[in-house]
$ cat input-v1.csv   # CSV, C-alpha atoms and all ligand atoms
chain,number,residue,atom,x,y,z
X,1,MET,CA,21.1,-47.2,42.9
X,2,LYS,CA,18.9,-44.7,44.7
X,3,LYS,CA,20.8,-41.9,43.0
X,4,TYR,CA,20.3,-43.6,39.6
X,5,PHE,CA,16.6,-43.9,40.2
X,6,TYR,CA,16.3,-40.1,40.9
X,7,PHE,CA,18.3,-39.4,37.8
X,8,ILE,CA,15.9,-41.5,35.7
X,9,LEU,CA,12.9,-39.8,37.3
X,10,PHE,CA,14.4,-36.4,36.6
X,11,VAL,CA,15.1,-37.2,32.9
X,12,PHE,CA,11.5,-38.6,32.6
X,13,PHE,CA,10.0,-35.5,34.2
X,14,PHE,CA,12.1,-33.2,32.1
X,15,SER,CA,11.3,-35.0,28.8
X,16,CYS,CA,7.6,-35.0,29.7
X,17,ASN,CA,7.8,-31.3,30.2
X,18,GLU,CA,9.5,-30.8,26.9
X,19,THR,CA,6.9,-32.9,25.1
X,20,GLU,CA,4.2,-30.8,26.8
X,21,LYS,CA,6.0,-27.6,25.8
X,22,GLU,CA,6.4,-28.8,22.2
X,23,SER,CA,2.7,-29.7,21.9
X,24,THR,CA,1.4,-26.6,23.6
X,25,THR,CA,3.6,-23.9,22.2
X,26,PRO,CA,1.9,-23.6,18.8
X,27,GLN,CA,-1.5,-23.5,20.4
X,28,MET,CA,-0.4,-20.8,22.9
X,29,LYS,CA,0.8,-18.5,20.1
X,30,THR,CA,-2.3,-16.5,19.1
X,31,PRO,CA,-2.1,-15.9,15.4
X,32,LYS,CA,-2.6,-12.2,14.5
X,33,VAL,CA,-3.8,-10.4,11.5
X,34,ALA,CA,-3.7,-6.7,10.6
X,35,ILE,CA,-4.5,-4.6,7.6
X,36,ALA,CA,-4.3,-0.9,6.5
X,37,LEU,CA,-5.2,1.0,3.4
X,38,HIS,CA,-4.8,4.5,2.1
X,39,GLY,CA,-6.5,6.6,-0.6
X,40,GLY,CA,-3.8,9.2,-1.0
X,41,ALA,CA,-2.4,12.1,1.0
X,42,GLY,CA,-2.6,15.8,0.3
X,43,ASN,CA,-3.7,19.1,1.7
X,44,LEU,CA,-7.2,17.7,2.0
X,45,LYS,CA,-8.5,20.5,4.3
X,46,LYS,CA,-8.3,22.9,1.4
X,47,LEU,CA,-10.7,20.7,-0.6
X,48,LYS,CA,-13.5,21.4,1.8
X,49,LEU,CA,-15.2,18.1,1.3
X,50,THR,CA,-19.0,18.2,1.9
X,51,LYS,CA,-20.4,16.1,4.7
X,52,GLU,CA,-21.8,13.7,2.0
X,53,GLU,CA,-18.4,13.4,0.4
X,54,GLU,CA,-16.7,12.7,3.7
X,55,GLU,CA,-19.3,10.1,4.4
X,56,ALA,CA,-18.8,8.5,1.0
X,57,TYR,CA,-15.0,8.1,1.7
X,58,THR,CA,-15.3,6.9,5.3
X,59,HIS,CA,-18.1,4.5,4.5
X,60,PHE,CA,-16.3,3.0,1.6
X,61,MET,CA,-13.0,2.7,3.5
X,62,ASP,CA,-14.8,1.3,6.5
X,63,SER,CA,-16.5,-1.5,4.6
X,64,LEU,CA,-13.4,-2.4,2.7
X,65,ILE,CA,-11.2,-2.7,5.8
X,66,GLU,CA,-13.8,-4.8,7.5
X,67,SER,CA,-14.0,-7.2,4.6
X,68,GLY,CA,-10.2,-7.4,4.2
X,69,HIS,CA,-9.9,-8.0,7.9
X,70,GLN,CA,-12.5,-10.8,7.9
X,71,ALA,CA,-10.9,-12.4,4.9
X,72,LEU,CA,-7.6,-12.5,6.8
X,73,LEU,CA,-9.3,-14.0,9.9
X,74,ASN,CA,-10.7,-16.6,7.6
X,75,GLY,CA,-7.2,-17.6,6.5
X,76,ALA,CA,-6.8,-15.6,3.3
X,77,LYS,CA,-3.2,-14.9,2.3
X,78,SER,CA,-2.1,-11.2,2.7
X,79,ILE,CA,-1.0,-11.1,-0.9
X,80,ASP,CA,-4.5,-12.0,-2.1
X,81,VAL,CA,-6.1,-9.6,0.3
X,82,VAL,CA,-4.0,-6.6,-0.7
X,83,ALA,CA,-4.7,-7.3,-4.4
X,84,THR,CA,-8.4,-7.6,-3.8
X,85,ILE,CA,-8.6,-4.4,-1.7
X,86,VAL,CA,-6.6,-2.3,-4.2
X,87,SER,CA,-8.7,-3.8,-7.1
X,88,ALA,CA,-11.9,-2.6,-5.3
X,89,MET,CA,-10.4,0.8,-4.8
X,90,GLU,CA,-9.5,0.9,-8.5
X,91,ASP,CA,-13.1,0.2,-9.4
X,92,SER,CA,-14.3,3.2,-7.3
X,93,PRO,CA,-14.3,6.7,-8.9
X,94,LEU,CA,-13.4,8.2,-5.5
X,95,PHE,CA,-9.7,7.5,-5.8
X,96,ASN,CA,-6.9,8.3,-8.2
X,97,ALA,CA,-6.5,4.7,-9.5
X,98,GLY,CA,-8.3,2.6,-12.1
X,99,LYS,CA,-11.8,4.1,-12.7
X,100,GLY,CA,-11.0,7.4,-10.9
X,101,ALA,CA,-7.5,7.8,-12.4
X,102,VAL,CA,-6.5,11.4,-13.3
X,103,PHE,CA,-5.6,12.6,-16.8
X,104,ALA,CA,-2.1,12.9,-18.0
X,105,HIS,CA,-1.0,15.7,-20.3
X,106,SER,CA,-1.6,13.3,-23.3
X,107,GLY,CA,-5.3,13.4,-22.4
X,108,LYS,CA,-5.1,9.8,-21.4
X,109,ASN,CA,-5.2,8.0,-18.0
X,110,GLU,CA,-1.7,6.6,-17.7
X,111,MET,CA,-1.7,4.2,-14.7
X,112,ASP,CA,1.0,2.6,-12.6
X,113,ALA,CA,0.8,-0.2,-10.0
X,114,ALA,CA,2.9,-2.6,-8.0
X,115,ILE,CA,2.5,-5.5,-5.6
X,116,MET,CA,5.0,-7.4,-3.4
X,117,ASN,CA,4.9,-10.5,-1.3
X,118,GLY,CA,7.0,-10.3,1.8
X,119,ALA,CA,7.0,-14.1,2.2
X,120,ASP,CA,9.2,-14.8,-0.9
X,121,MET,CA,10.1,-11.3,-2.1
X,122,SER,CA,8.1,-11.9,-5.4
X,123,CYS,CA,6.9,-8.7,-6.9
X,124,GLY,CA,5.3,-7.4,-10.1
X,125,ALA,CA,4.8,-3.9,-11.5
X,126,VAL,CA,3.3,-2.0,-14.4
X,127,ALA,CA,3.6,1.6,-15.6
X,128,GLY,CA,1.9,3.8,-18.2
X,129,VAL,CA,-1.0,1.4,-19.0
X,130,THR,CA,-4.1,3.1,-20.5
X,131,ARG,CA,-6.4,0.1,-21.3
X,132,VAL,CA,-6.0,-2.2,-18.3
X,133,LYS,CA,-9.1,-2.1,-16.1
X,134,ASN,CA,-7.3,-3.2,-13.0
X,135,PRO,CA,-3.6,-2.4,-13.2
X,136,ILE,CA,-3.0,-4.2,-9.8
X,137,GLN,CA,-4.3,-7.4,-11.2
X,138,LEU,CA,-1.9,-7.1,-14.1
X,139,ALA,CA,1.0,-6.4,-11.7
X,140,ASN,CA,0.0,-9.4,-9.6
X,141,ASP,CA,-0.1,-11.7,-12.7
X,142,ILE,CA,3.4,-10.5,-13.6
X,143,ARG,CA,4.5,-11.3,-10.1
X,144,GLN,CA,3.2,-14.8,-10.3
X,145,HIS,CA,3.8,-15.8,-14.0
X,146,SER,CA,6.4,-13.6,-15.6
X,147,GLU,CA,10.2,-14.0,-15.7
X,148,PHE,CA,10.2,-10.2,-15.5
X,149,ILE,CA,9.1,-7.8,-12.8
X,150,PHE,CA,8.3,-4.5,-14.4
X,151,LEU,CA,6.4,-4.0,-17.7
X,152,HIS,CA,5.6,-0.7,-19.3
X,153,GLY,CA,3.0,0.8,-21.8
X,154,LEU,CA,2.1,-1.2,-24.9
X,155,GLY,CA,4.3,-4.1,-23.9
X,156,ALA,CA,2.5,-4.4,-20.6
X,157,GLU,CA,-0.8,-4.4,-22.4
X,158,GLU,CA,0.4,-7.0,-24.9
X,159,TYR,CA,1.3,-9.2,-21.9
X,160,ALA,CA,-2.1,-8.5,-20.4
X,161,ALA,CA,-3.8,-9.7,-23.6
X,162,GLU,CA,-1.8,-12.9,-23.6
X,163,ARG,CA,-2.7,-13.6,-20.0
X,164,ASN,CA,-6.4,-12.8,-20.4
X,165,ILE,CA,-6.2,-9.8,-18.1
X,166,GLU,CA,-9.2,-7.5,-18.7
X,167,LEU,CA,-8.5,-4.8,-21.3
X,168,ILE,CA,-11.1,-2.1,-21.7
X,169,ASP,CA,-11.8,0.9,-23.9
X,170,PRO,CA,-10.0,4.0,-22.4
X,171,SER,CA,-13.3,5.8,-22.4
X,172,TYR,CA,-14.2,3.7,-19.3
X,173,PHE,CA,-11.7,5.8,-17.3
X,174,PHE,CA,-13.5,9.2,-18.2
X,175,THR,CA,-15.0,11.0,-15.2
X,176,GLN,CA,-16.2,14.6,-15.5
X,177,LYS,CA,-14.5,15.5,-12.2
X,178,ARG,CA,-11.1,14.3,-13.4
X,179,TRP,CA,-11.6,16.0,-16.8
X,180,ASP,CA,-12.4,19.3,-15.2
X,181,GLN,CA,-9.4,19.0,-12.9
X,182,PHE,CA,-7.2,18.3,-15.9
X,183,GLN,CA,-8.5,21.4,-17.7
X,184,GLU,CA,-7.8,23.5,-14.7
X,185,ALA,CA,-4.3,22.0,-14.5
X,186,LEU,CA,-3.7,22.7,-18.2
X,187,GLU,CA,-4.8,26.3,-17.8
X,188,LYS,CA,-2.4,26.8,-14.9
X,189,ASP,CA,0.3,24.7,-16.6
X,190,SER,CA,0.5,22.8,-13.3
X,191,THR,CA,1.3,19.2,-12.5
X,192,SER,CA,-0.6,18.3,-9.4
X,193,LEU,CA,-1.7,15.6,-6.9
X,194,ASP,CA,-5.2,14.5,-7.6
X,195,HIS,CA,-7.1,15.8,-4.6
X,196,GLU,CA,-5.6,19.2,-4.1
X,197,LYS,CA,-6.4,22.4,-6.0
X,198,PRO,CA,-3.6,23.2,-8.4
X,199,GLU,CA,-1.7,26.0,-6.8
X,200,GLY,CA,0.6,27.0,-9.6
X,201,LYS,CA,3.3,25.6,-11.7
X,202,SER,CA,4.6,22.2,-10.7
X,203,GLU,CA,2.5,22.2,-7.5
X,204,GLY,CA,1.0,18.7,-7.0
X,205,LYS,CA,-1.8,16.6,-5.8
X,206,TYR,CA,-1.5,13.0,-4.6
X,207,GLY,CA,-4.3,10.4,-4.5
X,208,THR,CA,-2.9,7.0,-5.0
X,209,VAL,CA,-4.4,3.9,-3.3
X,210,GLY,CA,-2.5,1.3,-1.3
X,211,CYS,CA,-2.9,-1.6,1.1
X,212,VAL,CA,-0.7,-3.5,3.4
X,213,ALA,CA,-1.5,-6.7,5.4
X,214,LEU,CA,-0.3,-9.4,7.8
X,215,ASP,CA,-2.0,-12.8,7.5
X,216,LEU,CA,-2.4,-15.7,9.9
X,217,GLU,CA,0.8,-17.4,8.6
X,218,GLY,CA,2.8,-14.3,9.5
X,219,ASN,CA,3.3,-13.2,5.9
X,220,LEU,CA,3.3,-9.5,4.9
X,221,ALA,CA,2.2,-8.0,1.6
X,222,ALA,CA,1.9,-4.5,0.0
X,223,ALA,CA,0.1,-3.1,-3.1
X,224,THR,CA,-0.1,0.3,-4.6
X,225,SER,CA,-2.0,1.7,-7.6
X,226,THR,CA,-2.2,5.2,-9.1
X,227,GLY,CA,-3.1,7.4,-12.0
X,228,GLY,CA,-0.1,9.5,-10.9
X,229,LEU,CA,0.0,13.3,-11.1
X,230,VAL,CA,-2.7,15.4,-12.9
X,231,ASN,CA,-1.3,16.6,-16.2
X,232,LYS,CA,2.0,14.7,-15.9
X,233,LYS,CA,4.1,14.9,-19.1
X,234,TYR,CA,6.5,12.8,-21.1
X,235,GLN,CA,5.1,9.5,-19.9
X,236,ARG,CA,6.4,10.3,-16.5
X,237,ILE,CA,6.4,7.4,-14.0
X,238,GLY,CA,6.1,7.9,-10.3
X,239,ASP,CA,7.2,6.0,-7.2
X,240,SER,CA,4.1,3.8,-6.8
X,241,PRO,CA,5.2,1.0,-9.3
X,242,LEU,CA,8.9,1.2,-8.2
X,243,ILE,CA,9.7,-1.6,-5.7
X,244,GLY,CA,11.4,0.0,-2.8
X,245,ALA,CA,10.2,3.6,-3.5
X,246,GLY,CA,6.4,3.5,-3.3
X,247,THR,CA,5.8,-0.2,-2.5
X,248,TYR,CA,7.8,-2.7,-0.5
X,249,ALA,CA,7.2,-5.9,1.6
X,250,ASN,CA,9.6,-8.2,3.4
X,251,ASN,CA,8.7,-10.6,6.2
X,252,GLU,CA,12.0,-9.6,8.0
X,253,SER,CA,10.9,-6.0,8.4
X,254,CYS,CA,7.5,-4.7,7.3
X,255,ALA,CA,5.1,-3.9,4.4
X,256,VAL,CA,4.8,-0.3,3.2
X,257,SER,CA,2.7,1.6,0.7
X,258,CYS,CA,3.4,5.3,0.0
X,259,THR,CA,1.6,8.2,-1.5
X,260,GLY,CA,2.8,11.7,-2.4
X,261,LYS,CA,4.7,13.4,-5.1
X,262,GLY,CA,6.6,10.4,-6.4
X,263,GLU,CA,9.8,12.2,-7.3
X,264,ASP,CA,10.7,12.7,-3.6
X,265,PHE,CA,9.8,9.1,-2.7
X,266,ILE,CA,12.0,7.8,-5.5
X,267,ARG,CA,14.9,10.0,-4.5
X,268,TYR,CA,14.9,8.6,-0.9
X,269,THR,CA,13.7,5.0,-1.9
X,270,ALA,CA,11.2,5.8,0.8
X,271,ALA,CA,9.5,2.4,1.3
X,272,SER,CA,12.7,0.3,1.5
X,273,SER,CA,14.4,3.0,3.6
X,274,ILE,CA,11.6,2.6,6.2
X,275,ALA,CA,12.0,-1.2,6.0
X,276,SER,CA,15.8,-1.0,6.3
X,277,ARG,CA,15.7,1.3,9.4
X,278,ILE,CA,13.3,-1.2,11.0
X,279,GLN,CA,15.3,-4.2,10.1
X,280,TYR,CA,18.9,-3.1,10.7
X,281,LEU,CA,18.6,-0.2,13.1
X,282,LYS,CA,15.8,-1.9,15.0
X,283,GLU,CA,13.8,1.4,15.0
X,284,PRO,CA,10.1,1.4,15.8
X,285,ALA,CA,8.0,1.7,12.7
X,286,ASP,CA,6.7,5.2,13.5
X,287,SER,CA,10.2,6.5,14.1
X,288,ALA,CA,11.5,4.9,10.9
X,289,ALA,CA,8.7,6.4,8.9
X,290,HIS,CA,9.1,9.8,10.6
X,291,VAL,CA,12.8,10.0,9.7
X,292,VAL,CA,12.0,9.2,6.0
X,293,LEU,CA,8.9,11.4,5.6
X,294,PHE,CA,9.9,14.4,7.7
X,295,ASP,CA,13.7,14.5,8.0
X,296,TYR,CA,14.3,13.5,4.4
X,297,ILE,CA,11.2,14.2,2.3
X,298,LYS,CA,9.6,17.1,4.0
X,299,LYS,CA,12.9,18.9,4.7
X,300,ASN,CA,13.4,18.8,0.9
X,301,LYS,CA,9.9,20.3,0.3
X,302,GLY,CA,8.4,16.9,-0.6
X,303,ARG,CA,5.1,15.9,0.7
X,304,GLY,CA,3.0,12.7,1.2
X,305,GLY,CA,2.4,9.8,3.6
X,306,CYS,CA,2.7,6.1,4.1
X,307,ILE,CA,1.1,3.1,5.8
X,308,VAL,CA,3.2,0.4,7.4
X,309,VAL,CA,2.4,-3.0,9.0
X,310,LEU,CA,4.9,-4.9,11.1
X,311,PRO,CA,5.1,-8.7,11.6
X,312,SER,CA,3.6,-8.0,15.1
X,313,GLY,CA,0.5,-6.5,13.4
X,314,GLU,CA,1.3,-3.0,14.6
X,315,LEU,CA,0.2,-0.3,12.2
X,316,THR,CA,1.6,3.1,11.4
X,317,PHE,CA,-0.2,5.8,9.4
X,318,LEU,CA,2.0,8.9,8.9
X,319,PHE,CA,1.8,11.9,6.5
X,320,THR,CA,3.3,15.4,6.2
X,321,THR,CA,0.1,16.9,4.7
X,322,THR,CA,-3.1,18.0,6.3
X,323,GLY,CA,-4.7,14.6,5.6
X,324,MET,CA,-4.5,11.1,4.2
X,325,TYR,CA,-7.6,9.0,3.4
X,326,ARG,CA,-6.9,5.9,5.5
X,327,ALA,CA,-8.3,3.0,7.4
X,328,GLY,CA,-6.9,0.0,9.3
X,329,ILE,CA,-7.4,-2.7,11.9
X,330,ASP,CA,-4.4,-3.7,13.9
X,331,ALA,CA,-3.5,-7.0,15.6
X,332,ASN,CA,-5.4,-5.9,18.7
X,333,GLY,CA,-8.5,-5.3,16.7
X,334,LYS,CA,-8.1,-1.5,17.0
X,335,LYS,CA,-9.9,0.2,14.1
X,336,THR,CA,-8.9,3.5,12.4
X,337,VAL,CA,-11.0,5.2,9.7
X,338,ALA,CA,-10.0,8.8,9.1
X,339,ILE,CA,-9.3,11.6,6.6
X,340,TYR,CA,-7.7,14.6,8.3
X,341,GLU,CA,-4.8,14.9,10.9
G,401,LIG,N1,2.8,8.8,-5.7
G,401,LIG,C1,2.0,9.1,-6.9
G,401,LIG,C2,2.9,9.5,-8.0
G,401,LIG,O1,3.8,10.3,-7.8
G,401,LIG,C3,1.0,10.1,-6.7
G,401,LIG,C4,0.1,9.9,-5.5
G,401,LIG,O2,0.5,9.3,-4.5
G,401,LIG,O3,-1.0,10.4,-5.5
G,401,LIG,O4,2.7,9.1,-9.1
$ encode --input "input-v1.csv" --output "structure tokens"
Amino acid sequence: MKKYFYFILFVFFFSCNETEKESTTPQMKTPKVAIALHGGAGNLKKLKLTKEEEEAYTHFMDSLIESGHQALLNGAKSIDVVATIVSAMEDSPLFNAGKGAVFAHSGKNEMDAAIMNGADMSCGAVAGVTRVKNPIQLANDIRQHSEFIFLHGLGAEEYAAERNIELIDPSYFFTQKRWDQFQEALEKDSTSLDHEKPEGKSEGKYGTVGCVALDLEGNLAAATSTGGLVNKKYQRIGDSPLIGAGTYANNESCAVSCTGKGEDFIRYTAASSIASRIQYLKEPADSAAHVVLFDYIKKNKGRGGCIVVLPSGELTFLFTTTGMYRAGIDANGKKTVAIYE
């Protein structure tokens, strides 16, 4: 009988402990948020930015990252935050996306964008749009409301009109700086990244914008937007709108946004290769990004960079160039705002 009594006591104690565990576990887990953005990678040192220009970039990136971080802390979804941040970058003439997009050989601003939600793998993408004020908003609408994932050119604009996404006269995208850069590229017959000096035929400049984030619910998201390469021909499309090349998010691995000469990022499906190495090989994010950017892309004379966020809220910023406009706040609250190596 005594034995039986002790047994009941043991079961009672154990079950109380279990109940306590169940009720305290969710509270003990501190929810984390993290966010990173980039404004393109390239040989930025050669640009010799003035102090004022450097300040304009760092101030803008700093305030954006702070507002994105605050929104996440307030419970905003990562997918909404990346769309909002990239949209704000598209509205700035500082970056090669939206308002600051470079000119293609056609004399138009042909823009590409993509967005992906790591929670449910929903994604949307657009390429070659010339009249959409915020291509990332169009991509996000496609993600949410279309049976398709990737729309191009006039068809994408027709969809935008049907969905009341803001269309604008292409003259909105004219900036003297981008026009002069285009004239220089035309003279040299070069195709270049937007924030490097054209160095000769088929030399490039990269200046895309992107954002990755982790929200309080543990969901990851990525968004990328670009005007592509200066003087690009034949309605060329880069890596940015290609899911798995320039943009990727999956709660099982990470969220990634890339920048660089898109051809190399397409060849190596850069963003999803980084994610797969993390998921299947259990590599740390910086090693996975290093293999893809340096061992594959740089070895084959490609150049560029990426930002990665893990479900733990750890951030990776990596680039093979002399700089990448970048900012972030990781899960420990550590802030980065930088341009050069
Ligand atoms: N990745 C973009 C493209 O190739 C360019 C960039 O990152 O600046 O279109």
$ closest_residue --input "input-v1.csv" --among "X:Gly39, X:Gly244, X:Gly260, X:Pro170" --to "X:Lys298" --atoms "all atoms listed in the file"
X:Gly260
$ closest_atom_pairs --input "input-v1.csv" --of "chain X" --to "ligand LIG 401 (chain G)" --cutoff "8 Å" --atoms "all atoms listed in the file" --output "JSON lines"
{"residue": "X:Gly40", "atom": "CA", "partner": "G:LIG401", "partner_atom": "O3", "distance": 5.4}
{"residue": "X:Ala41", "atom": "CA", "partner": "G:LIG401", "partner_atom": "O2", "distance": 6.8}
{"residue": "X:Asn96", "atom": "CA", "partner": "G:LIG401", "partner_atom": "O3", "distance": 6.8}
{"residue": "X:Asp112", "atom": "CA", "partner": "G:LIG401", "partner_atom": "O4", "distance": 7.6}
{"residue": "X:Leu193", "atom": "CA", "partner": "G:LIG401", "partner_atom": "O3", "distance": 5.4}
{"residue": "X:Asp194", "atom": "CA", "partner": "G:LIG401", "partner_atom": "O3", "distance": 6.2}
{"residue": "X:Lys205", "atom": "CA", "partner": "G:LIG401", "partner_atom": "O3", "distance": 6.3}
{"residue": "X:Tyr206", "atom": "CA", "partner": "G:LIG401", "partner_atom": "O3", "distance": 2.8}
{"residue": "X:Gly207", "atom": "CA", "partner": "G:LIG401", "partner_atom": "O3", "distance": 3.4}
{"residue": "X:Thr208", "atom": "CA", "partner": "G:LIG401", "partner_atom": "O3", "distance": 3.9}
{"residue": "X:Val209", "atom": "CA", "partner": "G:LIG401", "partner_atom": "O2", "distance": 7.4}
{"residue": "X:Thr226", "atom": "CA", "partner": "G:LIG401", "partner_atom": "C1", "distance": 6.1}
{"residue": "X:Gly227", "atom": "CA", "partner": "G:LIG401", "partner_atom": "O4", "distance": 6.7}
{"residue": "X:Gly228", "atom": "CA", "partner": "G:LIG401", "partner_atom": "O4", "distance": 3.4}
{"residue": "X:Leu229", "atom": "CA", "partner": "G:LIG401", "partner_atom": "O4", "distance": 5.4}
{"residue": "X:Ile237", "atom": "CA", "partner": "G:LIG401", "partner_atom": "O4", "distance": 6.4}
{"residue": "X:Gly238", "atom": "CA", "partner": "G:LIG401", "partner_atom": "O4", "distance": 3.8}
{"residue": "X:Asp239", "atom": "CA", "partner": "G:LIG401", "partner_atom": "N1", "distance": 5.4}
{"residue": "X:Ser240", "atom": "CA", "partner": "G:LIG401", "partner_atom": "N1", "distance": 5.3}
{"residue": "X:Gly246", "atom": "CA", "partner": "G:LIG401", "partner_atom": "N1", "distance": 6.8}
{"residue": "X:Cys258", "atom": "CA", "partner": "G:LIG401", "partner_atom": "O2", "distance": 6.7}
{"residue": "X:Thr259", "atom": "CA", "partner": "G:LIG401", "partner_atom": "O2", "distance": 3.4}
{"residue": "X:Gly260", "atom": "CA", "partner": "G:LIG401", "partner_atom": "O2", "distance": 3.9}
{"residue": "X:Lys261", "atom": "CA", "partner": "G:LIG401", "partner_atom": "O1", "distance": 4.2}
{"residue": "X:Gly262", "atom": "CA", "partner": "G:LIG401", "partner_atom": "O1", "distance": 3.1}
{"residue": "X:Glu263", "atom": "CA", "partner": "G:LIG401", "partner_atom": "O1", "distance": 6.3}
{"residue": "X:Phe265", "atom": "CA", "partner": "G:LIG401", "partner_atom": "N1", "distance": 7.6}
{"residue": "X:Gly304", "atom": "CA", "partner": "G:LIG401", "partner_atom": "O2", "distance": 7.1}
$ closest_residue --input "input-v1.csv" --among "X:Gly305, X:Gly118, X:Gly210, X:Pro284" --to "X:Pro241" --atoms "only C-alpha atoms"
X:Gly210
$ atom_distance --input "input-v1.csv" --atom1 "atom CA of X:Leu49" --atom2 "atom CA of X:Gly323"
11.9 Å
$ atom_distance --input "input-v1.csv" --atom1 "atom CA of X:Gly100" --atom2 "atom CA of X:Gly302"
23.9 Å
$ residues_near_point --input "input-v1.csv" --point "(6.0, -9.3, -10.7)" --cutoff "9 Å" --atoms "only C-alpha atoms" --output "PDB file with C-alpha atoms, keeping the file's coordinate frame"
ATOM      1  CA  ALA X 114       2.900  -2.600  -8.000  1.00  0.00           C
ATOM      2  CA  ILE X 115       2.500  -5.500  -5.600  1.00  0.00           C
ATOM      3  CA  MET X 116       5.000  -7.400  -3.400  1.00  0.00           C
ATOM      4  CA  SER X 122       8.100 -11.900  -5.400  1.00  0.00           C
ATOM      5  CA  CYS X 123       6.900  -8.700  -6.900  1.00  0.00           C
ATOM      6  CA  GLY X 124       5.300  -7.400 -10.100  1.00  0.00           C
ATOM      7  CA  ALA X 125       4.800  -3.900 -11.500  1.00  0.00           C
ATOM      8  CA  VAL X 126       3.300  -2.000 -14.400  1.00  0.00           C
ATOM      9  CA  LEU X 138      -1.900  -7.100 -14.100  1.00  0.00           C
ATOM     10  CA  ALA X 139       1.000  -6.400 -11.700  1.00  0.00           C
ATOM     11  CA  ASN X 140       0.000  -9.400  -9.600  1.00  0.00           C
ATOM     12  CA  ASP X 141      -0.100 -11.700 -12.700  1.00  0.00           C
ATOM     13  CA  ILE X 142       3.400 -10.500 -13.600  1.00  0.00           C
ATOM     14  CA  ARG X 143       4.500 -11.300 -10.100  1.00  0.00           C
ATOM     15  CA  GLN X 144       3.200 -14.800 -10.300  1.00  0.00           C
ATOM     16  CA  HIS X 145       3.800 -15.800 -14.000  1.00  0.00           C
ATOM     17  CA  SER X 146       6.400 -13.600 -15.600  1.00  0.00           C
ATOM     18  CA  GLU X 147      10.200 -14.000 -15.700  1.00  0.00           C
ATOM     19  CA  PHE X 148      10.200 -10.200 -15.500  1.00  0.00           C
ATOM     20  CA  ILE X 149       9.100  -7.800 -12.800  1.00  0.00           C
ATOM     21  CA  PHE X 150       8.300  -4.500 -14.400  1.00  0.00           C
ATOM     22  CA  LEU X 151       6.400  -4.000 -17.700  1.00  0.00           C
TER      23      LEU X 151
END
$ closest_residue --input "input-v1.csv" --among "X:Asn117, X:Thr269, X:Thr130, X:Thr84" --to "X:Cys254" --atoms "only C-alpha atoms"
X:Asn117
